[in-house]
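**Student:** File final-v9.txt follows (compact mmCIF, C-alpha atoms):
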```
# COMPACT_ATOMS: atom_id res chain seq x y z
CA MET A 245 -10.22 -8.61 -32.45
CA ARG A 246 -7.60 -7.07 -30.25
CA GLU A 247 -6.83 -3.40 -30.55
CA LYS A 248 -4.24 -1.09 -29.17
CA PRO A 249 -5.64 0.62 -26.06
CA GLU A 250 -4.92 4.14 -27.37
CA GLU A 251 -7.12 3.48 -30.37
CA GLY A 252 -9.74 1.78 -28.33
CA ILE A 253 -10.39 4.18 -25.49
CA LEU A 254 -13.53 5.30 -27.32
CA LYS A 255 -14.73 1.73 -27.17
CA VAL A 256 -14.40 1.76 -23.40
CA LYS A 257 -16.56 4.86 -23.33
CA SER A 258 -19.22 3.16 -25.43
CA ILE A 259 -19.14 0.14 -23.11
CA LEU A 260 -19.50 2.36 -20.07
CA GLU A 261 -22.42 4.26 -21.57
CA LYS A 262 -24.45 1.07 -21.64
CA TYR A 263 -24.37 0.81 -17.86
CA PRO A 264 -25.74 3.05 -15.14
CA LYS A 265 -23.15 4.52 -12.77
CA GLU A 266 -23.60 1.85 -10.14
CA ARG A 267 -21.10 -0.41 -8.51
CA ARG A 268 -23.12 -3.56 -9.13
CA PHE A 269 -22.39 -3.33 -12.86
CA LEU A 270 -18.63 -3.46 -12.31
CA LEU A 271 -18.19 -7.13 -13.15
CA ALA A 272 -20.35 -6.86 -16.27
CA ILE A 273 -18.34 -3.85 -17.44
CA LEU A 274 -15.04 -5.63 -16.85
CA GLN A 275 -16.32 -8.67 -18.74
CA ASP A 276 -17.26 -6.48 -21.70
CA ILE A 277 -13.84 -4.85 -21.69
CA GLN A 278 -12.18 -8.25 -21.48
CA LYS A 279 -14.23 -9.39 -24.47
CA THR A 280 -13.34 -6.33 -26.52
CA TYR A 281 -9.59 -6.26 -25.89
CA ASN A 282 -8.91 -9.83 -24.77
CA TYR A 283 -7.57 -8.31 -21.58
CA LEU A 284 -8.09 -5.35 -19.26
CA PRO A 285 -5.86 -2.48 -20.39
CA ARG A 286 -4.76 -0.20 -17.59
CA GLU A 287 -6.17 2.85 -19.34
CA ALA A 288 -9.55 1.12 -19.48
CA LEU A 289 -9.45 0.40 -15.74
CA ASN A 290 -8.74 4.06 -15.08
CA GLU A 291 -11.75 4.98 -17.21
CA VAL A 292 -13.94 2.58 -15.23
CA ARG A 293 -12.65 4.02 -11.97
CA ASP A 294 -13.55 7.53 -13.07
CA TYR A 295 -16.94 6.49 -14.40
CA LEU A 296 -18.13 4.49 -11.40
CA GLY A 297 -16.18 6.40 -8.77
CA ILE A 298 -14.70 3.20 -7.33
CA PRO A 299 -11.13 3.10 -6.04
CA LEU A 300 -8.57 1.41 -8.25
CA SER A 301 -7.79 -1.06 -5.48
CA SER A 302 -11.30 -2.55 -5.72
CA LEU A 303 -10.99 -2.86 -9.49
CA TYR A 304 -7.61 -4.53 -9.18
CA SER A 305 -8.98 -6.85 -6.51
CA MET A 306 -11.80 -7.99 -8.79
CA ALA A 307 -9.59 -8.19 -11.88
CA THR A 308 -7.19 -10.53 -10.11
CA PHE A 309 -9.92 -12.59 -8.43
CA TYR A 310 -11.74 -13.91 -11.49
CA LYS A 311 -10.01 -16.23 -13.92
CA ALA A 312 -12.17 -14.90 -16.73
CA LEU A 313 -10.50 -11.51 -16.36
CA SER A 314 -6.90 -10.96 -17.26
CA LEU A 315 -4.53 -8.05 -16.90
CA LYS A 316 -2.13 -9.36 -19.51
CA PRO A 317 -3.13 -9.69 -23.16
CA LYS A 318 -4.45 -13.12 -24.09
CA GLY A 319 -4.23 -14.71 -27.50
CA ARG A 320 -7.07 -14.45 -30.00
CA TYR A 321 -7.51 -18.16 -29.42
CA VAL A 322 -7.41 -19.24 -25.81
CA ILE A 323 -6.49 -22.89 -25.39
CA LYS A 324 -7.78 -24.31 -22.12
CA VAL A 325 -6.47 -27.76 -21.38
CA CYS A 326 -8.37 -29.55 -18.68
CA ASP A 327 -6.23 -30.87 -15.86
CA GLY A 328 -9.04 -32.12 -13.66
CA THR A 329 -8.79 -35.54 -12.04
CA ALA A 330 -10.24 -37.51 -14.95
CA CYS A 331 -8.21 -35.66 -17.59
CA HIS A 332 -5.09 -35.76 -15.46
CA ILE A 333 -5.07 -39.54 -15.17
CA ARG A 334 -5.87 -39.88 -18.84
CA GLY A 335 -2.78 -37.93 -19.78
CA SER A 336 -3.67 -34.23 -19.97
CA LEU A 337 -0.08 -33.32 -19.14
CA ASP A 338 1.08 -35.06 -22.31
CA ILE A 339 -1.33 -32.83 -24.24
CA VAL A 340 0.09 -29.75 -22.53
CA GLU A 341 3.63 -30.93 -23.36
CA GLU A 342 2.68 -31.38 -27.01
CA ILE A 343 1.14 -27.89 -27.20
CA LYS A 344 4.24 -26.46 -25.52
CA LYS A 345 6.35 -28.15 -28.17
CA GLN A 346 4.17 -26.99 -31.05
CA LEU A 347 3.72 -23.37 -30.00
CA SER A 348 6.75 -22.95 -27.72
CA ILE A 349 4.70 -21.38 -24.96
CA SER A 350 4.05 -22.51 -21.39
CA PRO A 351 0.70 -22.27 -19.60
CA GLY A 352 -0.06 -18.60 -18.91
CA GLU A 353 1.83 -17.39 -21.97
CA VAL A 354 0.89 -16.02 -25.38
CA THR A 355 2.50 -16.84 -28.73
CA LYS A 356 4.57 -14.05 -30.28
CA ASP A 357 2.02 -13.43 -33.04
CA GLY A 358 -0.73 -13.10 -30.43
CA LYS A 359 -2.73 -15.93 -31.94
CA PHE A 360 -2.74 -18.50 -29.12
CA SER A 361 -2.53 -18.41 -25.39
CA LEU A 362 -2.35 -21.51 -23.23
CA GLU A 363 -3.99 -22.20 -19.87
CA THR A 364 -4.69 -25.23 -17.79
CA VAL A 365 -8.03 -25.35 -16.01
CA ASN A 366 -9.24 -27.53 -13.18
CA CYS A 367 -12.31 -29.06 -14.76
CA LEU A 368 -14.31 -28.38 -17.90
CA GLY A 369 -17.16 -30.59 -16.75
CA SER A 370 -16.73 -33.01 -19.64
CA CYS A 371 -14.97 -35.85 -17.88
CA ALA A 372 -16.47 -38.43 -20.28
CA LEU A 373 -14.41 -36.81 -23.05
CA ALA A 374 -11.16 -36.93 -21.06
CA PRO A 375 -8.60 -35.73 -21.86
CA VAL A 376 -10.30 -32.62 -23.17
CA MET A 377 -9.34 -29.11 -24.22
CA VAL A 378 -11.32 -26.16 -25.46
CA ILE A 379 -10.17 -23.51 -27.90
CA ASN A 380 -12.35 -20.43 -27.57
CA ASP A 381 -15.75 -22.15 -27.67
CA LYS A 382 -14.86 -25.36 -29.46
CA TYR A 383 -14.37 -28.57 -27.50
CA TYR A 384 -11.88 -31.27 -28.47
CA GLY A 385 -12.34 -34.54 -26.58
CA ASN A 386 -10.61 -37.92 -26.33
CA LEU A 387 -7.37 -36.22 -27.26
CA LYS A 388 -4.11 -37.87 -28.13
CA PRO A 389 -0.88 -35.90 -28.37
CA ALA A 390 -0.68 -36.79 -32.08
CA MET A 391 -3.95 -34.92 -32.75
CA VAL A 392 -2.75 -31.62 -31.32
CA LYS A 393 -0.76 -30.47 -34.37
CA ASP A 394 -3.71 -30.84 -36.77
CA ILE A 395 -6.11 -29.10 -34.42
CA LEU A 396 -3.79 -26.14 -33.97
CA GLU A 397 -3.18 -25.87 -37.70
CA SER A 398 -6.88 -26.02 -38.54
CA THR A 399 -7.60 -23.24 -36.03
CA GLY A 400 -7.31 -20.07 -38.06
CA ASP A 401 -8.45 -16.52 -38.24
CA MET B 849 -29.51 -10.02 30.60
CA LYS B 850 -27.71 -12.84 32.32
CA VAL B 851 -24.88 -14.73 30.72
CA ILE B 852 -22.71 -17.44 32.21
CA ILE B 853 -19.10 -17.46 31.03
CA ASP B 854 -16.82 -20.20 32.36
CA ASP B 855 -19.34 -20.95 35.16
CA LYS B 856 -19.44 -17.34 36.37
CA GLU B 857 -22.44 -15.10 35.97
CA PHE B 858 -22.19 -11.74 34.19
CA GLU B 859 -24.51 -8.99 32.97
CA ALA B 860 -24.76 -8.33 29.24
CA GLU B 861 -26.76 -6.01 27.00
CA TYR B 862 -29.05 -7.54 24.39
CA GLY B 863 -27.06 -8.06 21.18
CA GLU B 864 -23.68 -7.54 22.77
CA TYR B 865 -20.91 -9.78 21.48
CA ILE B 866 -19.57 -12.52 23.75
CA LEU B 867 -16.00 -11.29 23.31
CA ASP B 868 -16.86 -7.80 24.53
CA VAL B 869 -18.61 -9.12 27.64
CA ALA B 870 -15.74 -11.49 28.39
CA ARG B 871 -13.10 -8.80 27.98
CA ARG B 872 -15.01 -6.35 30.15
CA ASN B 873 -14.96 -8.93 32.91
CA GLY B 874 -11.32 -9.85 32.55
CA ILE B 875 -11.78 -13.19 30.82
CA HIS B 876 -9.05 -13.71 28.26
CA ILE B 877 -10.00 -14.98 24.82
CA PRO B 878 -7.14 -14.90 22.29
CA THR B 879 -7.78 -12.91 19.09
CA LEU B 880 -5.84 -11.80 16.05
CA CYS B 881 -8.19 -10.08 13.65
CA HIS B 882 -10.26 -8.25 16.24
CA SER B 883 -9.89 -4.51 16.52
CA ASP B 884 -12.23 -2.17 18.35
CA THR B 885 -11.81 0.45 15.63
CA VAL B 886 -12.73 -1.86 12.75
CA PRO B 887 -14.89 -4.61 14.24
CA GLY B 888 -16.65 -7.46 12.50
CA GLN B 889 -13.85 -9.32 10.76
CA GLY B 890 -14.27 -12.81 12.19
CA SER B 891 -11.63 -14.21 9.89
CA CYS B 892 -8.89 -15.55 12.17
CA ARG B 893 -11.23 -17.89 14.10
CA LEU B 894 -8.94 -17.77 17.11
CA CYS B 895 -11.66 -16.49 19.43
CA ILE B 896 -13.93 -19.54 19.11
CA VAL B 897 -15.96 -20.48 22.18
CA GLU B 898 -18.51 -23.16 23.01
CA VAL B 899 -22.05 -21.89 23.47
CA TYR B 900 -24.90 -23.76 25.21
CA GLU B 901 -28.21 -22.26 24.17
CA ARG B 902 -31.67 -23.80 24.60
CA GLY B 903 -30.27 -27.25 25.27
CA LYS B 904 -28.00 -27.26 22.23
CA ASN B 905 -24.32 -26.57 22.05
CA LYS B 906 -22.28 -25.14 19.22
CA VAL B 907 -18.92 -23.58 18.49
CA VAL B 908 -19.04 -19.92 17.46
CA VAL B 909 -16.61 -17.04 17.00
CA SER B 910 -17.09 -14.92 20.10
CA CYS B 911 -16.21 -11.65 18.35
CA LEU B 912 -19.30 -11.92 16.13
CA TYR B 913 -21.81 -13.84 18.25
CA PRO B 914 -24.47 -11.56 19.71
CA ILE B 915 -26.04 -12.49 23.03
CA THR B 916 -29.80 -12.63 22.52
CA GLY B 917 -30.85 -15.03 25.24
CA GLU B 918 -29.60 -16.75 28.34
CA ILE B 919 -26.54 -18.66 27.30
CA LYS B 920 -23.68 -20.56 28.86
CA VAL B 921 -20.26 -19.97 27.35
CA TYR B 922 -17.08 -21.96 27.73
CA THR B 923 -14.00 -20.13 26.50
CA ASN B 924 -11.46 -22.85 27.07
CA SER B 925 -13.18 -26.24 27.23
CA GLU B 926 -11.33 -29.31 26.11
CA LYS B 927 -13.05 -29.18 22.72
CA ILE B 928 -12.24 -25.48 22.23
CA HIS B 929 -8.67 -26.02 23.29
CA ARG B 930 -8.27 -28.81 20.78
CA MET B 931 -9.87 -26.83 17.96
CA ARG B 932 -7.92 -23.70 18.81
CA ARG B 933 -4.68 -25.69 18.72
CA ASN B 934 -5.46 -26.71 15.17
CA ILE B 935 -6.28 -23.14 14.19
CA ILE B 936 -3.01 -21.90 15.69
CA ARG B 937 -1.14 -24.65 13.93
CA LEU B 938 -2.59 -23.57 10.59
CA LEU B 939 -1.98 -19.89 11.31
CA ALA B 940 1.60 -20.73 12.26
CA ALA B 941 2.04 -22.63 9.03
CA ARG B 942 0.76 -19.65 7.10
CA ALA B 943 2.69 -16.95 8.97
CA PRO B 944 5.69 -18.41 10.81
CA GLY B 945 7.39 -15.02 10.92
CA SER B 946 4.89 -13.47 13.32
CA GLU B 947 6.10 -13.04 16.90
CA TYR B 948 2.58 -13.10 18.28
CA ILE B 949 1.80 -16.40 16.60
CA LYS B 950 5.11 -17.81 17.83
CA LYS B 951 4.04 -16.93 21.36
CA LEU B 952 0.65 -18.57 20.87
CA LYS B 953 2.40 -21.65 19.52
CA GLU B 954 4.48 -21.90 22.67
CA GLU B 955 1.50 -21.26 24.91
CA TYR B 956 -0.50 -24.04 23.30
CA GLY B 957 2.48 -26.37 22.96
CA ILE B 958 2.33 -26.78 19.21
CA PRO B 959 5.26 -28.68 17.67
CA GLU B 960 7.33 -27.27 14.82
CA GLU B 961 5.65 -27.62 11.46
CA THR B 962 7.15 -30.32 9.30
CA ARG B 963 4.44 -31.09 6.78
CA PHE B 964 3.91 -27.79 5.03
CA ILE B 965 6.56 -25.97 3.06
CA VAL B 966 6.27 -22.37 4.11
CA ASP B 967 7.88 -19.00 3.70
CA GLU B 968 9.74 -18.51 6.97
CA LYS B 969 9.50 -14.72 6.78
CA GLU B 970 5.78 -14.52 6.09
CA LYS B 971 3.85 -12.66 8.76
CA CYS B 972 0.50 -11.96 7.11
CA VAL B 973 -2.46 -14.14 8.07
CA LEU B 974 -4.75 -12.50 5.49
CA CYS B 975 -7.27 -11.39 8.09
CA GLY B 976 -8.10 -8.32 6.02
CA LEU B 977 -7.97 -5.89 8.92
CA CYS B 978 -5.60 -3.54 7.06
CA VAL B 979 -7.89 -3.41 4.03
CA LYS B 980 -10.86 -2.65 6.27
CA ALA B 981 -8.94 0.08 8.10
CA CYS B 982 -7.93 1.68 4.81
CA GLU B 983 -11.52 1.48 3.61
CA LYS B 984 -12.90 3.01 6.80
CA LEU B 985 -10.45 5.83 6.52
CA GLY B 986 -11.64 6.46 3.00
CA SER B 987 -8.47 6.29 0.99
CA MET B 988 -8.89 2.64 -0.09
CA ALA B 989 -5.37 2.31 -1.39
CA ILE B 990 -4.90 -1.40 -0.70
CA SER B 991 -7.01 -4.50 -1.24
CA THR B 992 -6.72 -8.25 -1.34
CA VAL B 993 -5.49 -9.44 -4.72
CA ASN B 994 -5.58 -12.86 -6.39
CA ARG B 995 -7.25 -15.74 -4.64
CA GLY B 996 -6.60 -19.11 -3.12
CA ALA B 997 -2.99 -19.93 -2.36
CA THR B 998 -1.70 -16.77 -4.07
CA LYS B 999 -4.02 -14.36 -2.27
CA LYS B 1000 -2.31 -11.41 -0.60
CA VAL B 1001 -2.78 -7.83 0.43
CA ALA B 1002 -1.32 -5.36 -2.05
CA PRO B 1003 -1.83 -1.99 -3.69
CA PRO B 1004 -3.16 -1.89 -7.29
CA PHE B 1005 -0.67 -3.37 -9.78
CA GLU B 1006 1.62 -3.92 -6.78
CA GLU B 1007 3.13 -0.52 -7.37
CA PRO B 1008 3.50 2.29 -4.83
CA PRO B 1009 -0.17 3.20 -4.31
CA VAL B 1010 -1.33 6.54 -5.71
CA ASP B 1011 -4.34 6.76 -3.40
CA CYS B 1012 -2.29 6.13 -0.24
CA ILE B 1013 -1.90 9.04 2.16
CA GLY B 1014 0.78 7.34 4.23
CA CYS B 1015 -1.23 7.38 7.46
CA ALA B 1016 0.07 3.88 8.37
CA SER B 1017 -3.30 2.87 9.83
CA CYS B 1018 -2.93 -0.46 8.05
CA ALA B 1019 0.37 -1.15 9.78
CA HIS B 1020 -0.97 0.10 13.09
CA VAL B 1021 -3.99 -2.20 13.02
CA CYS B 1022 -2.08 -5.28 11.76
CA PRO B 1023 -2.01 -7.94 14.50
CA THR B 1024 1.12 -9.65 13.20
CA GLY B 1025 3.26 -6.69 12.17
CA ALA B 1026 3.21 -7.78 8.56
CA ILE B 1027 3.15 -4.29 7.04
CA GLU B 1028 6.49 -2.58 7.01
CA VAL B 1029 6.77 1.13 7.86
CA ARG B 1030 10.11 2.86 8.03
CA GLU B 1031 10.68 6.35 9.29
CA CYS B 1032 13.86 8.34 9.17
CA LYS B 1033 14.98 11.90 8.59
CA GLY B 1034 11.51 13.29 8.11
CA LYS B 1035 10.44 10.62 5.64
CA ARG B 1036 8.08 7.70 6.00
CA VAL B 1037 8.24 4.72 3.68
CA ILE B 1038 5.21 2.43 3.44
CA TRP B 1039 4.06 0.22 0.57
CA ASN B 1040 7.30 1.23 -1.21
CA ARG B 1041 6.15 4.82 -1.39
CA THR B 1042 8.02 7.60 0.33
CA PHE B 1043 6.11 10.31 2.15
CA GLU B 1044 7.35 13.60 3.50
CA LEU B 1045 6.60 14.05 7.20
CA LEU B 1046 5.52 17.33 8.77
CA LYS B 1047 6.58 18.57 12.19
CA CYS B 1048 4.37 19.49 15.11
CA THR B 1049 4.51 23.26 15.40
CA SER B 1050 4.69 23.02 19.17
CA CYS B 1051 7.10 20.22 20.06
CA GLY B 1052 8.84 19.81 16.70
CA ARG B 1053 8.25 16.09 16.44
CA TYR B 1054 7.55 14.58 13.00
CA PHE B 1055 4.07 13.10 13.19
CA ILE B 1056 1.99 13.42 10.02
CA THR B 1057 2.56 13.03 6.28
CA ARG B 1058 1.87 15.95 3.95
CA GLU B 1059 -0.73 13.86 2.11
CA GLN B 1060 -2.47 13.03 5.37
CA TYR B 1061 -2.59 16.71 6.29
CA GLU B 1062 -3.95 17.67 2.88
CA TYR B 1063 -6.53 14.88 3.15
CA MET B 1064 -7.76 16.12 6.52
CA LYS B 1065 -7.90 19.67 5.23
CA ASN B 1066 -9.63 19.01 1.92
CA ARG B 1067 -11.88 16.07 2.44
CA LEU B 1068 -12.82 16.38 6.06
CA GLY B 1069 -12.84 20.17 6.12
CA ILE B 1070 -10.58 20.36 9.14
CA ASP B 1071 -8.48 23.47 8.94
CA MET B 1072 -5.64 23.38 11.38
CA LYS B 1073 -4.01 26.74 11.89
CA GLU B 1074 -1.31 25.17 13.96
CA LEU B 1075 -0.15 21.68 13.21
CA LEU B 1076 -0.24 19.86 16.54
CA CYS B 1077 0.57 16.27 17.30
CA ASP B 1078 -1.82 14.29 19.50
CA ARG B 1079 0.10 14.97 22.67
CA CYS B 1080 0.37 18.72 22.07
CA ARG B 1081 -3.24 18.98 20.99
CA GLN B 1082 -4.38 17.34 24.21
CA LYS B 1083 -2.17 19.68 26.18
CA SER B 1084 -3.44 22.76 24.39
CA THR B 1085 -7.09 21.72 24.82
CA ALA B 1086 -6.50 21.09 28.50
CA GLU B 1087 -4.86 24.49 28.92
CA LYS B 1088 -7.77 26.17 27.16
CA LEU B 1089 -10.21 24.43 29.50
CA VAL B 1090 -8.20 25.44 32.55
CA SER B 1091 -8.16 29.09 31.55
CA LEU B 1092 -11.88 28.93 30.79
CA TYR B 1093 -12.64 27.55 34.26
CA LYS B 1094 -10.43 30.14 35.87
CA LYS B 1095 -12.39 32.88 34.16
CA LEU B 1096 -15.67 31.33 35.24
CA LEU B 1097 -14.54 31.04 38.83
CA VAL B 1098 -13.44 34.64 39.04
```
Starting from the file, lay out its structure as structure tokens.
**Tutor:**
Amino acid sequence: MREKPEEGILKVKSILEKYPKERRFLLAILQDIQKTYNYLPREALNEVRDYLGIPLSSLYSMATFYKALSLKPKGRYVIKVCDGTACHIRGSLDIVEEIKKQLSISPGEVTKDGKFSLETVNCLGSCALAPVMVINDKYYGNLKPAMVKDILESTGD
Amino acid sequence: MKVIIDDKEFEAEYGEYILDVARRNGIHIPTLCHSDTVPGQGSCRLCIVEVYERGKNKVVVSCLYPITGEIKVYTNSEKIHRMRRNIIRLLAARAPGSEYIKKLKEEYGIPEETRFIVDEKEKCVLCGLCVKACEKLGSMAISTVNRGATKKVAPPFEEPPVDCIGCASCAHVCPTGAIEVRECKGKRVIWNRTFELLKCTSCGRYFITREQYEYMKNRLGIDMKELLCDRCRQKSTAEKLVSLYKKLLV
């Protein structure tokens, strides 16, 4: 569940306590923070900087390098639509269009209620299921635009 | 240790880099990302040379290739020239705004780029020299952000950097002049942050930012009673030496 950073700064502290003060744990720490808040709040990055004694520039560098880390809040459900070669030729863009229509968000955006965010990815490694998308950890293969509405409606808290 | 560069024989120390030996002997190898103060980048690939070692030949970057045996080096063979042309073409596509790259383009006779859509003003070739300089200096205010096509050098959150001391080492070391520094009326603007400049107590020239001065004082433990610019400090040291010698001679 996502929380407001002010309320959650204690959580950052408890994440940090699990790790020794060494630079090599930076990525693991950032992943844990990402998991807790669905993004990396700025306050949390400042905490990490103070804890590990690493300059903010290095943190920012890493946070922008990995796709798994995000500096903007993501939805509680992250929709990843595959746009790899196999999915692309089997109509992944139609799927994206349908999701855009249903949720009125573009790739990289979050719905107003914070439930969904949409991303396109380059390959999910399930080309036999093309076109494929994954919502959090659940895969949906052999998609047709008509199926999107039902899937989105059945995805709930 | 003997090394043959472009059919001429030179002396080299074990482990010395080809580029250093070549430069010492007046052989020109073009470079972008090489700086004597922050060596070991090897990212621009402009300094490639052909090396013949133990009957095999290979293309290496001369700035990072240590001489460990008797080798023959060709700095401008037909193969190198062809490869270097391609590298310059790509660099020019990436950073068409750079004067230095424009010159290289002319020198190597590279036609205007038509295939790639580029930002005409871009000067940065992403060699990372500025980041390394900032790191070496210890303030680590800038870093490379994002990756792939959107990679660039920027301060955290792309805001005026808090950790920056305004020393402008990044701009100084940049081979393509991609980092903008403006100075006027006792102020220096770099990375969109404005720094107050301090005057040399001897000649009255603005030469250092307040943050830079504080940094030297606090973190390096250098306490300067008088604030002297490089030129005045050299002069004052020389004068001190002169008076010392005079005393000794008397």
**Student:** Please determine, counting only C-alpha atoms, which residue among B:Cys1048, B:Arg1081, B:Cys978, B:Ile896 has the shortest atom-to-atom distance to B:Arg930.
**Tutor:**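 That would be B:Ile896, the residue with the smallest distance to B:Arg930.
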**Student:** Using all atoms listed in the file, which residue out of A:Ser370, A:Asp338, A:Tyr384, A:Leu260 lies closest to A:Ala272?
**Tutor:**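 Closest to A:Ala272 of all the choices is A:Leu260.
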**Student:** Select from chain A every residue with an atom at most 6 Å from any atom of chain B, then for each give the shortest pair of atoms and their distance in Å to one decimal, using all atoms listed in the file, rows by chain and rising number, as a Markdown table.
**Tutor:**
```
| residue | atom | partner | partner_atom | distance |
| --- | --- | --- | --- | --- |
| A:Ser301 | CA | B:Pro1004 | CA | 5.0 |
| A:Tyr304 | CA | B:Pro1004 | CA | 5.5 |
| A:Ser305 | CA | B:Val993 | CA | 4.7 |
| A:Thr308 | CA | B:Asn994 | CA | 4.7 |
| A:Phe309 | CA | B:Asn994 | CA | 4.8 |
```
**Student:** Skipping near chain neighbours, those fewer than 6 positions away, what residues fall within 9 Å of B:Leu912 using only C-alpha atoms, listed as a list in words?
**Tutor:**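 That gives Tyr865, Ile866, Leu867, Pro887, Gly888, Gln889 and Gly890 of chain B.
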**Student:** Of the candidates A:Glu353, A:Glu342, A:Glu261, A:Asp327, which one gets nearest to A:Asp276 if we count all atoms listed in the file?
**Tutor:**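 Closest to A:Asp276 of all the choices is A:Glu261.
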**Student:** Hey, which of A:Asn366, A:Ser302, A:Ser348, A:Thr355 ends up closest to A:Val325? Count all atoms listed in the file.
**Tutor:** A:Asn366
**Student:** Identify, on the basis of only C-alpha atoms, every residue whose closest approach to A:Gly400 does not exceed 10 Å; exclude the query and any residue fewer than 6 positions from it along the same chain; express the result as a count of residues only.
**Tutor:** 3
**Student:** Which neighbours of A:Glu287 fall inside 8 Å, counting all atoms listed in the file, when residues of the same chain fewer than 2 positions from it are skipped, and could you give them as a VMD selection string?
**Tutor:** chain A and resid 249 253 285 289 to 291
**Student:** Filtering to C-alpha atoms, could you give me those residues as a PDB file, in the frame of the given file?
**Tutor:**
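Listed below is the output, part.pdb:
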```
ATOM      1  CA  PRO A 249      -5.640   0.620 -26.060  1.00  0.00           C
ATOM      2  CA  ILE A 253     -10.390   4.180 -25.490  1.00  0.00           C
ATOM      3  CA  PRO A 285      -5.860  -2.480 -20.390  1.00  0.00           C
ATOM      4  CA  LEU A 289      -9.450   0.400 -15.740  1.00  0.00           C
ATOM      5  CA  ASN A 290      -8.740   4.060 -15.080  1.00  0.00           C
ATOM      6  CA  GLU A 291     -11.750   4.980 -17.210  1.00  0.00           C
TER       7      GLU A 291
END
```
**Student:** Of the candidates A:Lys257, A:Tyr263, A:Gly319, A:Tyr295, which one gets nearest to A:Tyr281 if we count all atoms listed in the file?
**Tutor:**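 Ranking A:Lys257, A:Tyr263, A:Gly319, A:Tyr295 by distance to A:Tyr281, first place goes to A:Gly319.
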**Student:** Leaving out A:Val322 and any residue of its chain fewer than 4 positions from it, which residues lie within 12 Å of it when counting all atoms listed in the file, given as a list in words?
**Tutor:** Asn282, Tyr283, Ala312, Ser314, Pro317, Lys318, Pro351, Gly352, Glu353, Val354, Thr355, Gly358, Lys359, Phe360, Ser361, Leu362, Glu363, Thr364, Val365, Met377, Val378, Ile379, Asn380, Asp381, Lys382, Tyr383, Leu396 and Thr399 of chain A
**Student:** I need the residue nearest A:Ile343 from this list: A:Val292, A:Leu274, A:Met306, A:Ile323. Use all atoms listed in the file for the distance.
**Tutor:**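 Among the listed residues, the smallest separation from A:Ile343 belongs to A:Ile323.
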**Student:** Please measure the separation of atom CA of B:Phe1043 and atom CA of B:Gly945, giving the value in Å to one decimal.
**Tutor:**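 Between atom CA of B:Phe1043 and atom CA of B:Gly945 the gap works out to 26.8 Å.
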**Student:** How many Å separate atom CA of B:Arg942 from atom CA of A:Ala307?
**Tutor:**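 So the two atoms, atom CA of B:Arg942 and atom CA of A:Ala307, lie 24.5 Å apart.
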**Student:** Would you compute the distance between atom CA of B:Thr923 and atom CA of B:Ala981? Give it in Å to one decimal.
**Tutor:**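 Spanning atom CA of B:Thr923 to atom CA of B:Ala981 is a straight-line distance of 27.8 Å.
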**Student:** Give as a PyMOL selection string each residue that has an atom at most 10 Å from (-6.2, -17.0, 23.0) in the file, counting all atoms listed in the file.
**Tutor:** chain B and resi 876-880+894-896+923-924+929+932-933+936+952+955-956
**Student:** Store the residues picked out above in a file with C-alpha atoms, as a tab-separated table (two decimals), in the frame of the given file.
**Tutor:**
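Generated output (again-v7.tsv):
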```tsv
chain	number	residue	atom	x	y	z
B	876	HIS	CA	-9.05	-13.71	28.26
B	877	ILE	CA	-10.00	-14.98	24.82
B	878	PRO	CA	-7.14	-14.90	22.29
B	879	THR	CA	-7.78	-12.91	19.09
B	880	LEU	CA	-5.84	-11.80	16.05
B	894	LEU	CA	-8.94	-17.77	17.11
B	895	CYS	CA	-11.66	-16.49	19.43
B	896	ILE	CA	-13.93	-19.54	19.11
B	923	THR	CA	-14.00	-20.13	26.50
B	924	ASN	CA	-11.46	-22.85	27.07
B	929	HIS	CA	-8.67	-26.02	23.29
B	932	ARG	CA	-7.92	-23.70	18.81
B	933	ARG	CA	-4.68	-25.69	18.72
B	936	ILE	CA	-3.01	-21.90	15.69
B	952	LEU	CA	0.65	-18.57	20.87
B	955	GLU	CA	1.50	-21.26	24.91
B	956	TYR	CA	-0.50	-24.04	23.30
```
